[in-house]
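Heads up, the thing below is written out as structure tokens.
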Amino acid sequence: MAERKKMSVSEILAAARAQAGGGEAAAPAVEPAGGGAADAVDSAADTPVVEKPAAKAAPKPTAGGARPSVADIMAMARANKAAADAPAQSPTKSAPKPTAKPAEKPAAAKAAKPVAAKAAVARDTASILAAARAGAKPGPVSKADAPPRPAKPAAVKPAVAADHAAKPAAAKAVPPRPAKPAAKKSDSEEDRRGFLEIALGSFMALGFTALSVTGGLFSLGLARFFFPNVLAEPPSRFKVGFKEGFPAGKVETKFVAQYGVWVVNSDVAGEQQIYALKTVCTHLGCTPNWLEAEQKFKCPCHGSGFYKDGVNFEGPAPRPLERYAIRISDDGQLEVDKSKTFQEELGQWAESESYVTV
Ligand code: FES
């Protein structure tokens, strides 16, 4: 140790640069000067990692008692500093605390760290990128290497194209604003409205019906006014047939119901006459009955009795029956005229119009 050569500053720098470049050639030059630790460093390895413990151990008094000079210490410190600047050559924890067995620890470090130091030196930017690409998942490097994308469904494309084609037109022509939708009516409101409509319609229909009925009745009354009720009475003058149809002593009753007259062929004061008796009782107006067996007219109301010639003889009747006018018509038939009557008490039966001689 004593005869170790003192390193100049330039040598120290050269050695440090050599170490930083990873060369093994610098290792022997960095051998620290110092005691037994230097021997261990020499025998250990030529890497700067191994030299750190030796550098730390250098200031310590060696077994031989020779101490390194200040220049050596400085050189070794500079060497250590240069070694510490290298990332792969920094034995951080092992350097400050040299163990009791420095020869063993550097040996272990020798086995592990030189490889790392070499790798650190060899890892430039290109190598790092290459390693990263090698470890990455293989895939297309460029867009040209990428596989073609799967085609989109054909049904979507026309719609999308139409949409894209329609968008500019829609953007140009502003569509009118749609009318606001009417507020949705609730079910209850619709029901109430429907009920009101039905009720109103019913009332209106009822009113129109009543008005129509009233108008119809008014029209009927007006028509009744223009056409008054007229009784259809039989004519006052009518033909009863030829004289031969009325035998002597015979009372014809077949015209009672229709004309209210008896046609009688009887002998009156020695003269055979045909006359027409009125079928009205002179008491109170009842219609007497001809009783062929009794040869009389008998009133059913109060029992008045009249002879065949019409003269009253019993009951309350105050006077004889009346006669109608009778004559022979142009066709030879007997014609009775009810518009003219003849009364016996007035002596009218003597008039020629009151009878027809046979
Ligand atoms: Fe003929 Fe009284 S009406 S008797």
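Quick note on naming: the chains in the structure tokens go A, B, ... in the order shown, residues restart at 1 in each chain, and ligands are numbered from 1 in order of appearance.
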
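Residues of protein or nucleic acid lying within 7 Å of ligand 1, counting only C-alpha atoms and all ligand atoms, are Cys281, Thr282, His283, Leu284, Gly285, Cys286, Thr287, Pro288, Cys299, Pro300, Cys301, His302, Gly303, Ser304, Gly315, Pro316 and Ala317 of chain A.
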
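Between atom CA of Gln272 of chain A and atom CA of Lys308 of chain A lies a distance of 13.0 Å.
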
Backbone DSSP call of alpha helix (DSSP H) for segment 161-310 of chain A, listed as a count of residues only: 56

All strand (DSSP E or B) positions in segment 213-274 of chain A, as a PyMOL selection string: chain A and resi 237-241+250-252+261-268+271-274

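Distances to Val336 of chain A were evaluated for A:Ala350, A:Ala130, A:Ala276, A:Val70 using only C-alpha atoms, and the minimum falls at A:Ala276.
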
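In terms of minimum interatomic distance to Ser236 of chain A, A:Ser339 ranks closest within A:Ser202, A:Thr279, A:Ser339, A:Asn80, counting only C-alpha atoms.
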
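Of the residues under consideration (A:Glu11, A:Glu351, A:Ala173, A:Val251), A:Val251 shows the shortest atom-to-atom contact distance to Ala293 of chain A when counting only C-alpha atoms.
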
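Proximity to segment 245-247 of chain A at 10 Å, evaluated using only C-alpha atoms and with sequence-adjacent residues fewer than 2 positions away removed, yields Val240, Gly241, Phe242, Lys243, Gly249, Lys250, Val251, Glu252, Val263, Val264, Asn265, Ser266, Ile274, Gln333, Leu334 and Val358 of chain A.
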
Can you write just those residues out, N, CA and C atoms, as a short mmCIF file (atom, residue, chain, number, x, y, z; two decimals), in the first residue's frame?
data_model
loop_
_atom_site.label_atom_id
_atom_site.label_comp_id
_atom_site.auth_asym_id
_atom_site.auth_seq_id
_atom_site.Cartn_x
_atom_site.Cartn_y
_atom_site.Cartn_z
N VAL A 240 -191.92 7.88 -52.37
CA VAL A 240 -192.20 6.64 -51.62
C VAL A 240 -192.75 5.54 -52.52
N GLY A 241 -193.02 5.85 -53.78
CA GLY A 241 -193.50 4.81 -54.70
C GLY A 241 -194.84 5.19 -55.32
N PHE A 242 -195.36 4.27 -56.08
CA PHE A 242 -196.62 4.50 -56.76
C PHE A 242 -197.80 4.24 -55.81
N LYS A 243 -199.01 4.75 -56.20
CA LYS A 243 -200.21 4.61 -55.37
C LYS A 243 -200.63 3.16 -55.25
N GLY A 249 -206.79 0.88 -46.64
CA GLY A 249 -206.80 0.43 -45.23
C GLY A 249 -205.45 -0.01 -44.71
N LYS A 250 -204.44 0.21 -45.50
CA LYS A 250 -203.07 -0.26 -45.11
C LYS A 250 -202.24 0.91 -44.60
N VAL A 251 -201.50 0.68 -43.48
CA VAL A 251 -200.53 1.66 -42.91
C VAL A 251 -199.11 1.16 -43.20
N GLU A 252 -198.41 1.93 -44.04
CA GLU A 252 -197.01 1.52 -44.38
C GLU A 252 -196.04 2.14 -43.36
N VAL A 263 -197.20 6.20 -44.29
CA VAL A 263 -198.00 6.42 -45.50
C VAL A 263 -199.27 5.55 -45.34
N VAL A 264 -200.45 6.22 -45.29
CA VAL A 264 -201.69 5.52 -44.96
C VAL A 264 -202.69 5.68 -46.12
N ASN A 265 -203.30 4.56 -46.51
CA ASN A 265 -204.39 4.58 -47.49
C ASN A 265 -205.66 4.23 -46.69
N SER A 266 -206.48 5.27 -46.47
CA SER A 266 -207.63 5.08 -45.59
C SER A 266 -208.85 5.88 -46.12
N ILE A 274 -204.80 8.97 -49.72
CA ILE A 274 -203.43 8.56 -49.29
C ILE A 274 -202.79 9.80 -48.70
N GLN A 333 -195.00 8.80 -59.19
CA GLN A 333 -194.79 8.29 -57.82
C GLN A 333 -195.31 9.34 -56.82
N LEU A 334 -195.58 8.82 -55.66
CA LEU A 334 -195.97 9.69 -54.56
C LEU A 334 -194.74 10.34 -53.98
N VAL A 358 -207.27 8.51 -54.22
CA VAL A 358 -206.97 7.27 -54.93
C VAL A 358 -207.99 7.10 -56.08
#
